[in-house]
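query.cif follows; it contains mmCIF, C-alpha atoms and all ligand atoms.
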```
data_run
#
loop_
_atom_site.label_atom_id
_atom_site.label_comp_id
_atom_site.auth_asym_id
_atom_site.auth_seq_id
_atom_site.Cartn_x
_atom_site.Cartn_y
_atom_site.Cartn_z
CA MET X 10 29.35 8.94 32.44
CA ASP X 11 31.69 7.18 30.05
CA LYS X 12 29.85 4.43 28.15
CA ASN X 13 32.77 2.03 28.15
CA MET X 14 33.28 2.43 31.85
CA GLN X 15 33.08 -0.81 33.79
CA LYS X 16 30.30 -0.93 36.34
CA ILE X 17 30.85 -2.60 39.68
CA PRO X 18 27.67 -3.53 41.54
CA LEU X 19 27.41 -3.88 45.31
CA VAL X 20 26.61 -7.58 44.87
CA ASP X 21 26.49 -9.66 41.69
CA LEU X 22 24.15 -12.62 41.95
CA LYS X 23 24.41 -13.44 38.25
CA ALA X 24 28.17 -13.91 38.55
CA GLN X 25 27.65 -16.50 41.27
CA TYR X 26 24.99 -18.42 39.34
CA THR X 27 27.39 -18.68 36.38
CA THR X 28 29.91 -20.52 38.56
CA ILE X 29 27.42 -23.13 39.86
CA LYS X 30 24.90 -23.45 37.02
CA PRO X 31 25.07 -27.25 36.59
CA GLU X 32 24.62 -27.91 40.33
CA ILE X 33 21.70 -25.49 40.62
CA ASN X 34 19.94 -26.60 37.47
CA SER X 35 20.10 -30.28 38.36
CA ALA X 36 18.87 -29.57 41.92
CA ILE X 37 15.87 -27.71 40.52
CA LYS X 38 15.22 -30.42 37.91
CA ARG X 39 15.16 -33.11 40.61
CA VAL X 40 12.43 -31.26 42.51
CA LEU X 41 10.43 -30.73 39.32
CA ALA X 42 10.76 -34.41 38.38
CA GLN X 43 9.52 -35.50 41.82
CA ALA X 44 6.79 -32.83 41.75
CA ASP X 45 7.15 -32.76 45.52
CA PHE X 46 6.94 -29.04 46.12
CA ILE X 47 5.89 -28.82 49.75
CA MET X 48 8.08 -30.23 52.56
CA GLY X 49 9.60 -33.65 51.81
CA ASP X 50 13.08 -35.19 51.94
CA VAL X 51 14.81 -32.21 50.39
CA ILE X 52 13.84 -30.08 53.40
CA ASP X 53 15.04 -32.72 55.88
CA GLN X 54 18.34 -33.09 54.08
CA PHE X 55 19.02 -29.36 53.96
CA GLU X 56 18.08 -28.95 57.62
CA LYS X 57 20.46 -31.76 58.61
CA SER X 58 23.25 -30.32 56.48
CA PHE X 59 22.84 -26.82 57.87
CA ALA X 60 22.57 -28.07 61.46
CA ARG X 61 25.86 -29.93 60.95
CA PHE X 62 27.44 -26.83 59.40
CA VAL X 63 26.73 -24.62 62.42
CA ASN X 64 27.02 -27.47 64.90
CA ALA X 65 23.44 -27.19 66.20
CA ARG X 66 21.25 -30.12 67.21
CA TYR X 67 18.21 -28.84 65.33
CA ALA X 68 17.63 -26.73 62.23
CA ILE X 69 14.12 -25.83 61.13
CA GLY X 70 13.66 -24.36 57.66
CA VAL X 71 11.09 -21.57 57.39
CA SER X 72 9.77 -19.06 54.89
CA SER X 73 12.12 -16.13 55.63
CA GLY X 74 14.50 -14.67 58.18
CA THR X 75 11.72 -12.39 59.40
CA ASP X 76 9.36 -15.33 59.94
CA ALA X 77 12.20 -17.18 61.65
CA ILE X 78 12.47 -14.37 64.22
CA HIS X 79 8.71 -14.38 64.70
CA LEU X 80 8.53 -18.16 65.29
CA ALA X 81 11.59 -18.11 67.55
CA LEU X 82 10.02 -15.41 69.74
CA ILE X 83 6.74 -17.34 69.93
CA ALA X 84 8.61 -20.50 70.89
CA LEU X 85 10.35 -18.54 73.65
CA GLY X 86 6.89 -17.56 74.92
CA ILE X 87 7.18 -13.85 74.15
CA THR X 88 3.87 -12.12 74.54
CA LYS X 89 2.18 -8.81 75.26
CA GLY X 90 4.11 -6.52 77.58
CA ASP X 91 7.41 -8.42 77.38
CA GLU X 92 10.60 -6.58 76.50
CA VAL X 93 13.34 -7.67 74.10
CA ILE X 94 16.70 -5.90 74.23
CA THR X 95 18.29 -5.58 70.80
CA THR X 96 20.10 -3.09 68.57
CA ALA X 97 18.79 -0.23 66.41
CA HIS X 98 21.72 -0.63 64.01
CA THR X 99 20.03 -3.33 61.93
CA PHE X 100 17.38 -4.05 59.35
CA THR X 101 13.80 -3.44 60.53
CA ALA X 102 13.04 -7.19 60.39
CA THR X 103 15.03 -7.64 63.61
CA ALA X 104 12.42 -5.67 65.55
CA GLU X 105 9.16 -6.11 63.61
CA PRO X 106 8.24 -9.55 65.00
CA ILE X 107 8.75 -8.26 68.56
CA VAL X 108 6.08 -5.64 67.86
CA TRP X 109 3.74 -8.18 66.18
CA LEU X 110 3.62 -10.08 69.46
CA GLY X 111 2.73 -6.99 71.48
CA ALA X 112 6.17 -6.95 73.05
CA LYS X 113 8.49 -3.96 73.16
CA PRO X 114 11.86 -3.61 71.43
CA VAL X 115 14.39 -1.92 73.70
CA PHE X 116 17.44 -0.65 71.85
CA ALA X 117 20.94 -0.76 73.31
CA ASP X 118 23.73 1.28 71.71
CA ILE X 119 26.46 -0.38 69.63
CA ASP X 120 30.16 -0.79 70.10
CA PRO X 121 31.63 1.64 67.53
CA HIS X 122 34.35 -0.79 66.42
CA SER X 123 32.30 -3.93 65.79
CA PHE X 124 28.93 -2.23 65.10
CA THR X 125 27.34 -5.01 67.20
CA VAL X 126 25.46 -4.39 70.44
CA ASP X 127 27.70 -3.10 73.24
CA PRO X 128 27.37 -5.65 76.09
CA ASN X 129 28.11 -2.85 78.60
CA LYS X 130 24.99 -0.98 77.51
CA ILE X 131 22.59 -3.85 78.15
CA GLU X 132 22.40 -4.30 81.93
CA ASN X 133 20.94 -0.81 82.59
CA LEU X 134 18.08 -1.60 80.24
CA ILE X 135 17.01 -4.82 81.96
CA THR X 136 13.66 -4.52 83.75
CA ARG X 137 11.21 -6.98 85.29
CA LYS X 138 9.62 -7.29 81.86
CA THR X 139 12.80 -8.18 79.96
CA ARG X 140 12.69 -11.70 78.55
CA VAL X 141 15.19 -11.85 75.68
CA ILE X 142 18.50 -10.36 74.60
CA MET X 143 18.75 -10.39 70.82
CA PRO X 144 22.21 -9.55 69.48
CA VAL X 145 22.62 -9.12 65.71
CA HIS X 146 25.82 -10.44 64.13
CA ILE X 147 25.86 -7.47 61.81
CA TYR X 148 27.90 -7.38 58.57
CA GLY X 149 29.09 -10.97 59.15
CA GLN X 150 30.79 -10.54 62.52
CA SER X 151 29.66 -12.09 65.77
CA ALA X 152 28.51 -9.92 68.64
CA ASP X 153 30.54 -10.35 71.85
CA MET X 154 28.58 -13.35 73.15
CA ASP X 155 30.22 -14.26 76.47
CA PRO X 156 29.20 -11.11 78.39
CA ILE X 157 25.73 -11.34 76.81
CA LEU X 158 25.35 -14.98 77.90
CA LYS X 159 26.56 -14.02 81.38
CA LEU X 160 23.92 -11.30 81.71
CA ALA X 161 21.26 -13.68 80.38
CA LYS X 162 22.20 -16.22 83.02
CA LYS X 163 22.25 -13.65 85.81
CA TYR X 164 18.80 -12.30 84.96
CA LYS X 165 17.30 -15.56 83.60
CA LEU X 166 16.80 -14.24 80.06
CA PHE X 167 16.86 -16.01 76.72
CA VAL X 168 19.42 -15.19 74.05
CA LEU X 169 18.17 -15.11 70.45
CA GLU X 170 20.89 -14.59 67.84
CA ASP X 171 19.99 -12.74 64.66
CA ALA X 172 22.57 -14.40 62.41
CA ALA X 173 20.86 -13.32 59.16
CA GLN X 174 24.14 -11.80 57.94
CA ALA X 175 26.59 -14.25 59.46
CA HIS X 176 26.36 -17.77 57.98
CA GLY X 177 29.53 -19.54 59.11
CA ALA X 178 30.90 -16.67 61.22
CA LYS X 179 32.61 -17.74 64.42
CA TYR X 180 32.64 -16.50 68.00
CA LYS X 181 35.84 -17.94 69.44
CA ASP X 182 35.76 -21.52 68.09
CA LYS X 183 31.98 -21.74 67.64
CA ARG X 184 29.89 -20.97 64.61
CA VAL X 185 27.19 -18.42 65.46
CA GLY X 186 23.50 -19.36 65.61
CA ALA X 187 23.22 -21.87 68.41
CA ILE X 188 25.58 -20.22 70.89
CA GLY X 189 22.57 -18.76 72.67
CA ASP X 190 19.22 -20.49 73.22
CA ILE X 191 18.10 -20.08 69.64
CA GLY X 192 19.27 -18.38 66.45
CA ILE X 193 17.94 -17.39 63.07
CA PHE X 194 19.33 -17.19 59.55
CA SER X 195 17.99 -15.49 56.43
CA PHE X 196 18.60 -16.87 52.94
CA TYR X 197 17.49 -13.67 51.21
CA PRO X 198 19.25 -13.81 47.80
CA GLY X 199 22.04 -11.36 48.67
CA LYS X 200 23.04 -13.00 51.96
CA ASN X 201 26.26 -15.08 52.19
CA LEU X 202 24.12 -18.16 51.62
CA GLY X 203 21.23 -16.97 49.48
CA ALA X 204 18.20 -18.71 48.01
CA TYR X 205 16.50 -17.68 44.77
CA GLY X 206 13.56 -16.22 46.64
CA ASP X 207 12.61 -15.86 50.29
CA ALA X 208 13.82 -18.46 52.79
CA GLY X 209 15.03 -18.66 56.37
CA LEU X 210 15.98 -21.06 59.14
CA ILE X 211 16.06 -21.44 62.91
CA VAL X 212 18.73 -23.33 64.86
CA THR X 213 18.69 -24.48 68.46
CA ASN X 214 20.06 -27.18 70.74
CA ASN X 215 16.85 -27.20 72.78
CA ASN X 216 14.49 -30.02 71.78
CA LYS X 217 11.39 -28.36 73.27
CA LEU X 218 11.94 -25.18 71.27
CA ALA X 219 12.66 -27.22 68.12
CA GLU X 220 9.53 -29.35 68.51
CA LYS X 221 7.38 -26.29 69.00
CA ILE X 222 8.76 -24.60 65.88
CA PHE X 223 8.51 -27.76 63.71
CA LEU X 224 4.83 -27.73 64.67
CA LEU X 225 4.16 -23.98 64.33
CA ARG X 226 5.78 -23.49 60.92
CA ASN X 227 3.39 -25.98 59.33
CA HIS X 228 -0.09 -25.10 60.63
CA GLY X 229 0.45 -26.82 63.97
CA ARG X 230 -0.21 -30.15 62.28
CA THR X 231 0.74 -33.54 63.64
CA THR X 232 -0.79 -35.39 60.69
CA LYS X 233 -2.32 -34.01 57.50
CA TYR X 234 -5.57 -32.86 59.11
CA GLU X 235 -4.78 -32.98 62.80
CA HIS X 236 -3.78 -29.64 64.29
CA LEU X 237 -2.37 -29.60 67.79
CA GLU X 238 -1.91 -25.84 67.81
CA VAL X 239 -2.95 -22.82 65.81
CA GLY X 240 0.16 -22.51 63.68
CA TYR X 241 1.43 -20.63 60.65
CA GLY X 242 2.05 -21.18 56.95
CA ASP X 243 5.76 -20.51 57.38
CA ARG X 244 7.33 -23.55 55.66
CA LEU X 245 10.62 -23.42 53.80
CA ASP X 246 9.82 -23.76 50.08
CA THR X 247 11.12 -27.09 48.75
CA LEU X 248 12.67 -25.59 45.59
CA GLN X 249 14.53 -23.10 47.76
CA ALA X 250 15.76 -25.90 50.04
CA ALA X 251 17.10 -27.78 46.99
CA ILE X 252 18.92 -24.65 45.80
CA LEU X 253 20.34 -24.02 49.28
CA GLN X 254 21.47 -27.64 49.62
CA ALA X 255 23.29 -27.33 46.29
CA LYS X 256 24.94 -24.07 47.38
CA LEU X 257 25.90 -25.02 50.96
CA PRO X 258 29.06 -26.98 49.97
CA PHE X 259 30.42 -23.75 48.45
CA LEU X 260 29.74 -21.53 51.44
CA SER X 261 33.09 -21.96 53.19
CA LYS X 262 34.96 -21.20 49.97
CA TRP X 263 32.79 -18.14 49.35
CA ASN X 264 33.33 -16.91 52.89
CA ALA X 265 37.09 -17.38 52.48
CA GLN X 266 36.96 -15.36 49.25
CA ARG X 267 35.03 -12.61 51.03
CA ARG X 268 37.68 -12.55 53.77
CA ALA X 269 40.49 -12.40 51.19
CA HIS X 270 38.78 -9.49 49.41
CA ALA X 271 38.33 -7.71 52.75
CA ALA X 272 42.04 -8.20 53.51
CA LEU X 273 42.95 -6.69 50.15
CA TYR X 274 40.66 -3.71 50.78
CA GLN X 275 42.31 -3.25 54.20
CA LYS X 276 45.77 -3.33 52.65
CA LEU X 277 44.96 -0.87 49.86
CA LEU X 278 43.02 1.60 52.03
CA ASN X 279 45.26 1.36 55.06
CA ASN X 280 47.28 4.51 54.39
CA ASN X 281 44.39 6.95 54.23
CA SER X 282 43.77 8.56 57.59
CA LYS X 283 40.26 9.74 56.61
CA ILE X 284 38.95 6.26 55.86
CA VAL X 285 38.10 4.24 58.97
CA LEU X 286 38.42 0.53 58.18
CA PRO X 287 36.32 -2.24 59.70
CA THR X 288 37.89 -3.99 62.67
CA ILE X 289 37.91 -7.71 63.25
CA SER X 290 37.31 -8.40 66.93
CA ALA X 291 39.86 -10.67 68.63
CA TYR X 292 37.13 -13.22 69.36
CA ALA X 293 35.72 -13.29 65.83
CA GLU X 294 36.05 -15.03 62.52
CA HIS X 295 34.37 -12.48 60.28
CA VAL X 296 32.55 -13.64 57.13
CA PHE X 297 32.22 -10.15 55.63
CA HIS X 298 28.65 -10.13 54.46
CA LEU X 299 29.42 -6.45 53.98
CA PHE X 300 32.64 -4.45 53.88
CA VAL X 301 31.77 -1.26 55.74
CA VAL X 302 34.09 1.73 56.04
CA ARG X 303 33.49 5.09 57.66
CA VAL X 304 34.16 8.16 55.55
CA PRO X 305 33.61 11.92 55.88
CA LYS X 306 30.77 13.41 53.74
CA ARG X 307 29.42 9.91 53.13
CA ASP X 308 26.56 10.81 50.75
CA GLU X 309 28.81 12.92 48.56
CA VAL X 310 31.43 10.14 48.46
CA ALA X 311 28.76 7.60 47.46
CA MET X 312 27.54 9.86 44.68
CA LEU X 313 31.06 10.43 43.34
CA LEU X 314 31.77 6.69 43.40
CA LYS X 315 28.56 6.12 41.44
CA GLN X 316 29.78 8.59 38.81
CA LYS X 317 32.81 6.33 38.37
CA GLY X 318 30.57 3.28 37.98
CA ILE X 319 31.01 1.97 41.54
CA SER X 320 27.88 1.09 43.50
CA SER X 321 27.91 1.33 47.26
CA GLY X 322 25.32 0.98 50.00
CA VAL X 323 24.43 2.28 53.44
CA HIS X 324 23.46 -0.39 55.97
CA TYR X 325 21.56 1.37 57.45
CA PRO X 326 20.98 5.11 56.95
CA LEU X 327 18.35 5.61 59.67
CA PRO X 328 18.57 3.56 62.89
CA LEU X 329 15.39 1.85 64.01
CA HIS X 330 14.87 4.07 67.06
CA LEU X 331 14.56 7.12 64.76
CA GLN X 332 12.37 5.44 62.11
CA PRO X 333 8.77 6.68 61.82
CA ALA X 334 7.59 3.09 62.34
CA TYR X 335 9.04 3.02 65.86
CA SER X 336 8.29 6.63 66.84
CA TYR X 337 5.68 5.37 69.31
CA LEU X 338 8.56 4.12 71.45
CA LYS X 339 9.47 7.79 72.04
CA TYR X 340 13.19 7.63 71.41
CA LYS X 341 14.83 10.88 70.37
CA LYS X 342 17.94 11.94 68.55
CA GLY X 343 20.98 11.54 70.77
CA ASP X 344 19.61 8.55 72.71
CA LEU X 345 21.97 6.11 70.97
CA SER X 346 24.99 8.23 70.08
CA GLU X 347 27.27 5.54 68.61
CA THR X 348 24.45 4.07 66.54
CA GLU X 349 23.53 7.49 65.19
CA LYS X 350 27.15 8.44 64.46
CA ALA X 351 27.66 5.18 62.58
CA SER X 352 24.54 5.72 60.50
CA ARG X 353 25.96 9.04 59.26
CA GLU X 354 29.43 7.74 58.41
CA ILE X 355 29.11 4.17 57.14
CA LEU X 356 29.53 3.14 53.53
CA SER X 357 29.35 -0.45 52.26
CA LEU X 358 31.76 -1.08 49.39
CA PRO X 359 31.16 -3.81 46.77
CA LEU X 360 31.83 -7.26 48.18
CA TYR X 361 30.96 -10.66 46.78
CA PRO X 362 33.05 -13.78 46.24
CA GLU X 363 33.39 -13.28 42.48
CA LEU X 364 34.80 -9.74 42.79
CA THR X 365 38.34 -9.56 41.34
CA ALA X 366 41.53 -8.08 42.76
CA LYS X 367 41.61 -5.72 39.78
CA GLN X 368 38.15 -4.42 40.63
CA ILE X 369 39.09 -3.93 44.28
CA ASP X 370 42.20 -2.08 43.19
CA PHE X 371 40.07 0.22 41.01
CA ILE X 372 37.55 0.80 43.80
CA CYS X 373 40.29 1.67 46.32
CA ASN X 374 42.15 4.01 43.96
CA THR X 375 38.93 5.77 43.05
CA LEU X 376 37.81 6.07 46.68
CA ILE X 377 41.16 7.47 47.80
CA LYS X 378 41.13 10.07 45.01
CA ILE X 379 37.60 11.11 45.97
CA ILE X 380 38.45 11.37 49.66
CA ASP X 381 41.63 13.35 49.02
CA LYS X 382 39.72 15.87 46.91
CA LEU X 383 36.94 16.44 49.46
CA LYS X 384 36.72 20.00 50.77
C1 LIG L 1 18.04 -9.97 56.06
C2 LIG L 1 17.87 -9.74 57.49
C3 LIG L 1 16.73 -10.14 58.20
C4 LIG L 1 15.47 -10.63 57.54
O1 LIG L 1 15.59 -11.69 56.70
P1 LIG L 1 14.53 -11.93 55.52
O2 LIG L 1 14.89 -13.29 55.04
O3 LIG L 1 14.76 -10.86 54.49
O4 LIG L 1 13.16 -11.87 56.09
C5 LIG L 1 16.72 -10.01 59.58
N1 LIG L 1 17.76 -9.47 60.23
C6 LIG L 1 18.85 -9.03 59.60
C7 LIG L 1 19.99 -8.46 60.39
C8 LIG L 1 18.94 -9.13 58.20
O5 LIG L 1 20.04 -8.67 57.58
#
```
Please express the file's structure as structure tokens.
Ligand SMILES: *Cc1c(COP(=O)(O)O)cnc(C)c1O
Amino acid sequence: MDKNMQKIPLVDLKAQYTTIKPEINSAIKRVLAQADFIMGDVIDQFEKSFARFVNARYAIGVSSGTDAIHLALIALGITKGDEVITTAHTFTATAEPIVWLGAKPVFADIDPHSFTVDPNKIENLITRKTRVIMPVHIYGQSADMDPILKLAKKYKLFVLEDAAQAHGAKYKDKRVGAIGDIGIFSFYPGKNLGAYGDAGLIVTNNNKLAEKIFLLRNHGRTTKYEHLEVGYGDRLDTLQAAILQAKLPFLSKWNAQRRAHAALYQKLLNNNSKIVLPTISAYAEHVFHLFVVRVPKRDEVAMLLKQKGISSGVHYPLPLHLQPAYSYLKYKKGDLSETEKASREILSLPLYPELTAKQIDFICNTLIKIIDKLK
């Protein structure tokens, strides 16, 4: 590899910090000066701001996106023997909390264009044990919510949105999160709105669910040493809330930059018949957490890009139904054909707000050359 070659990472968190250093540093300093590290006003303020942002009545900050899913499922009453219909084309955290509660994840295949759960594949999977449908707004694009909500109504099921990758994304005119009964967000550092550590949040318009989660995330306490329920130590860290509150005003701009970069990628890669570009569903405002193309000989292409200094990713290389961790569910290869096909072909190209047009140009030229030379 050429030493002077520029390297383009998949995401660049340092670049973002450079643009907002004064805001972040003063937010952190304020928390340090108050020495109020657990709960407090900062949490309330961030929750109110985020609730307003997604137009939900309640937002409850928690320790991570994974813990958010866990608490949301508990609040919905999910317990041993229940079934939750979701997607296998996701990060394992979507399904883990289902298993923790003794419930069973049931995987529906994806729509090959949006990569989100195919609403037409859900109804056949509904049994007397089904309690929840859990779409994932993967890569920053909403799942097709109306048919999912219709099925939920017909069979009296809850809808839990995994919006960990979709802060600010819209379904029709609504921001995702509280379109269903309850929704979760992750603020893992690389997400569209990222903390500087682990953090997550739950949104809902249902006051009973909100009350329950406010209680559960903080040891079930009503006062300092009064515990109404056996709860969890799943609070949102106050320093992380301060950082998130400082970053939230930039989120819409960052999402717009991501969309602009995606549009440039689309324009520059449009003429190559071997590269399948991501589609934006008619109902969606995409926030491009990831820019995912399909290419032939994906692993070879990724390796050749790396040799030119370009990092890429695969989200995700092995679908959940074929992971060793979920082998007890007895799925086999071929059960979810679109999910499996996607996992072989997908490649995430670098995408973050601070990426430049020049870098995108270089990535596209390099990718096209690689693809054209493939045997
Ligand atoms: C990141 C992510 C999660 C988990 O969030 P953490 O904050 O890392 O626990 C859950 N679901 C999806 C789809 C994710 O991308």
Q: Write as a VMD selection string the residues around ligand LIG 1 (chain L), taking 7 Å as the cut-off and counting all atoms listed in the file.
A: chain X and resid 73 to 76 99 to 100 102 to 103 145 147 171 to 174 195 to 197 207 to 209
Q) Which is closest to Ala204 (chain X) among X:Leu22, X:Ile94, X:Val301, X:Met143, if we use all atoms listed in the file? A)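 That would be X:Leu22, the residue with the smallest distance to Ala204 (chain X).
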(Q) At a cut-off of 12 Å, using only C-alpha atoms, what residues contact Lys367 (chain X)? Leave out same-chain residues fewer than 5 positions from it and give the result as JSON, numbers by chain. (A) {"X": [15, 17, 270, 273, 274, 277, 372, 373, 374]}
Q: Just give me the gap between CA of Leu85 (chain X) and CA of Ala219 (chain X) in Å, one decimal is fine.
A: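 Answer for the CA of Leu85 (chain X) to CA of Ala219 (chain X) separation: 10.5 Å.
The space separating CA of Leu314 (chain X) from CA of Thr27 (chain X) comes to 26.7 Å.
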Q: State, in Å with one decimal place, the distance from CA of Leu327 (chain X) to CA of His176 (chain X).
A: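 Between these atoms lies a distance of 24.8 Å.
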Would it be fine to have region 317-343 of chain X, with N, CA and C atoms, given as a PDB file, in the first residue's frame?
```
ATOM      1  N   LYS X 317      -6.956   0.032  -1.597  1.00  0.00           N
ATOM      2  CA  LYS X 317      -6.899   1.422  -2.078  1.00  0.00           C
ATOM      3  C   LYS X 317      -7.181   2.415  -0.944  1.00  0.00           C
ATOM      4  N   GLY X 318      -7.210   1.898   0.282  1.00  0.00           N
ATOM      5  CA  GLY X 318      -7.377   2.774   1.447  1.00  0.00           C
ATOM      6  C   GLY X 318      -8.821   3.046   1.824  1.00  0.00           C
ATOM      7  N   ILE X 319      -9.758   2.343   1.191  1.00  0.00           N
ATOM      8  CA  ILE X 319     -11.188   2.600   1.452  1.00  0.00           C
ATOM      9  C   ILE X 319     -11.768   1.499   2.335  1.00  0.00           C
ATOM     10  N   SER X 320     -12.231   1.880   3.518  1.00  0.00           N
ATOM     11  CA  SER X 320     -12.874   0.905   4.405  1.00  0.00           C
ATOM     12  C   SER X 320     -14.324   0.707   3.976  1.00  0.00           C
ATOM     13  N   SER X 321     -14.805  -0.484   4.181  1.00  0.00           N
ATOM     14  CA  SER X 321     -16.231  -0.748   3.937  1.00  0.00           C
ATOM     15  C   SER X 321     -16.696  -1.706   5.023  1.00  0.00           C
ATOM     16  N   GLY X 322     -17.980  -1.988   5.047  1.00  0.00           N
ATOM     17  CA  GLY X 322     -18.502  -2.876   6.082  1.00  0.00           C
ATOM     18  C   GLY X 322     -19.548  -3.809   5.499  1.00  0.00           C
ATOM     19  N   VAL X 323     -19.948  -4.795   6.277  1.00  0.00           N
ATOM     20  CA  VAL X 323     -21.043  -5.679   5.874  1.00  0.00           C
ATOM     21  C   VAL X 323     -22.029  -5.739   7.032  1.00  0.00           C
ATOM     22  N   HIS X 324     -23.192  -5.185   6.830  1.00  0.00           N
ATOM     23  CA  HIS X 324     -24.222  -5.127   7.876  1.00  0.00           C
ATOM     24  C   HIS X 324     -25.471  -5.859   7.422  1.00  0.00           C
ATOM     25  N   TYR X 325     -25.498  -7.185   7.612  1.00  0.00           N
ATOM     26  CA  TYR X 325     -24.651  -8.024   8.440  1.00  0.00           C
ATOM     27  C   TYR X 325     -24.319  -9.275   7.653  1.00  0.00           C
ATOM     28  N   PRO X 326     -23.139  -9.885   7.882  1.00  0.00           N
ATOM     29  CA  PRO X 326     -22.696 -10.986   7.032  1.00  0.00           C
ATOM     30  C   PRO X 326     -23.422 -12.314   7.275  1.00  0.00           C
ATOM     31  N   LEU X 327     -23.913 -12.527   8.485  1.00  0.00           N
ATOM     32  CA  LEU X 327     -24.627 -13.779   8.766  1.00  0.00           C
ATOM     33  C   LEU X 327     -25.950 -13.441   9.450  1.00  0.00           C
ATOM     34  N   PRO X 328     -27.077 -13.710   8.790  1.00  0.00           N
ATOM     35  CA  PRO X 328     -28.379 -13.364   9.381  1.00  0.00           C
ATOM     36  C   PRO X 328     -28.601 -14.115  10.692  1.00  0.00           C
ATOM     37  N   LEU X 329     -29.427 -13.533  11.538  1.00  0.00           N
ATOM     38  CA  LEU X 329     -29.600 -14.113  12.881  1.00  0.00           C
ATOM     39  C   LEU X 329     -30.055 -15.567  12.840  1.00  0.00           C
ATOM     40  N   HIS X 330     -30.939 -15.923  11.896  1.00  0.00           N
ATOM     41  CA  HIS X 330     -31.486 -17.288  11.907  1.00  0.00           C
ATOM     42  C   HIS X 330     -30.424 -18.345  11.606  1.00  0.00           C
ATOM     43  N   LEU X 331     -29.263 -17.913  11.060  1.00  0.00           N
ATOM     44  CA  LEU X 331     -28.186 -18.869  10.774  1.00  0.00           C
ATOM     45  C   LEU X 331     -27.010 -18.721  11.742  1.00  0.00           C
ATOM     46  N   GLN X 332     -27.139 -17.853  12.723  1.00  0.00           N
ATOM     47  CA  GLN X 332     -26.084 -17.659  13.730  1.00  0.00           C
ATOM     48  C   GLN X 332     -26.105 -18.832  14.712  1.00  0.00           C
ATOM     49  N   PRO X 333     -24.902 -19.255  15.163  1.00  0.00           N
ATOM     50  CA  PRO X 333     -24.845 -20.321  16.170  1.00  0.00           C
ATOM     51  C   PRO X 333     -25.720 -20.015  17.393  1.00  0.00           C
ATOM     52  N   ALA X 334     -25.764 -18.751  17.796  1.00  0.00           N
ATOM     53  CA  ALA X 334     -26.511 -18.379  18.998  1.00  0.00           C
ATOM     54  C   ALA X 334     -28.000 -18.721  18.900  1.00  0.00           C
ATOM     55  N   TYR X 335     -28.523 -18.724  17.680  1.00  0.00           N
ATOM     56  CA  TYR X 335     -29.964 -18.970  17.502  1.00  0.00           C
ATOM     57  C   TYR X 335     -30.240 -20.331  16.860  1.00  0.00           C
ATOM     58  N   SER X 336     -29.222 -21.211  16.850  1.00  0.00           N
ATOM     59  CA  SER X 336     -29.390 -22.505  16.173  1.00  0.00           C
ATOM     60  C   SER X 336     -30.488 -23.334  16.833  1.00  0.00           C
ATOM     61  N   TYR X 337     -30.722 -23.071  18.133  1.00  0.00           N
ATOM     62  CA  TYR X 337     -31.757 -23.840  18.845  1.00  0.00           C
ATOM     63  C   TYR X 337     -33.146 -23.603  18.255  1.00  0.00           C
ATOM     64  N   LEU X 338     -33.295 -22.547  17.481  1.00  0.00           N
ATOM     65  CA  LEU X 338     -34.600 -22.261  16.864  1.00  0.00           C
ATOM     66  C   LEU X 338     -34.849 -23.144  15.631  1.00  0.00           C
ATOM     67  N   LYS X 339     -33.764 -23.831  15.200  1.00  0.00           N
ATOM     68  CA  LYS X 339     -33.878 -24.834  14.127  1.00  0.00           C
ATOM     69  C   LYS X 339     -34.224 -24.260  12.751  1.00  0.00           C
ATOM     70  N   TYR X 340     -33.772 -23.067  12.485  1.00  0.00           N
ATOM     71  CA  TYR X 340     -33.883 -22.572  11.111  1.00  0.00           C
ATOM     72  C   TYR X 340     -32.796 -23.258  10.282  1.00  0.00           C
ATOM     73  N   LYS X 341     -33.004 -23.307   8.963  1.00  0.00           N
ATOM     74  CA  LYS X 341     -31.938 -23.817   8.112  1.00  0.00           C
ATOM     75  C   LYS X 341     -31.759 -22.899   6.905  1.00  0.00           C
ATOM     76  N   LYS X 342     -30.623 -23.097   6.264  1.00  0.00           N
ATOM     77  CA  LYS X 342     -30.315 -22.327   5.065  1.00  0.00           C
ATOM     78  C   LYS X 342     -31.453 -22.444   4.071  1.00  0.00           C
ATOM     79  N   GLY X 343     -31.848 -21.327   3.482  1.00  0.00           N
ATOM     80  CA  GLY X 343     -32.925 -21.347   2.507  1.00  0.00           C
ATOM     81  C   GLY X 343     -34.263 -20.928   3.095  1.00  0.00           C
TER      82      GLY X 343
END
```
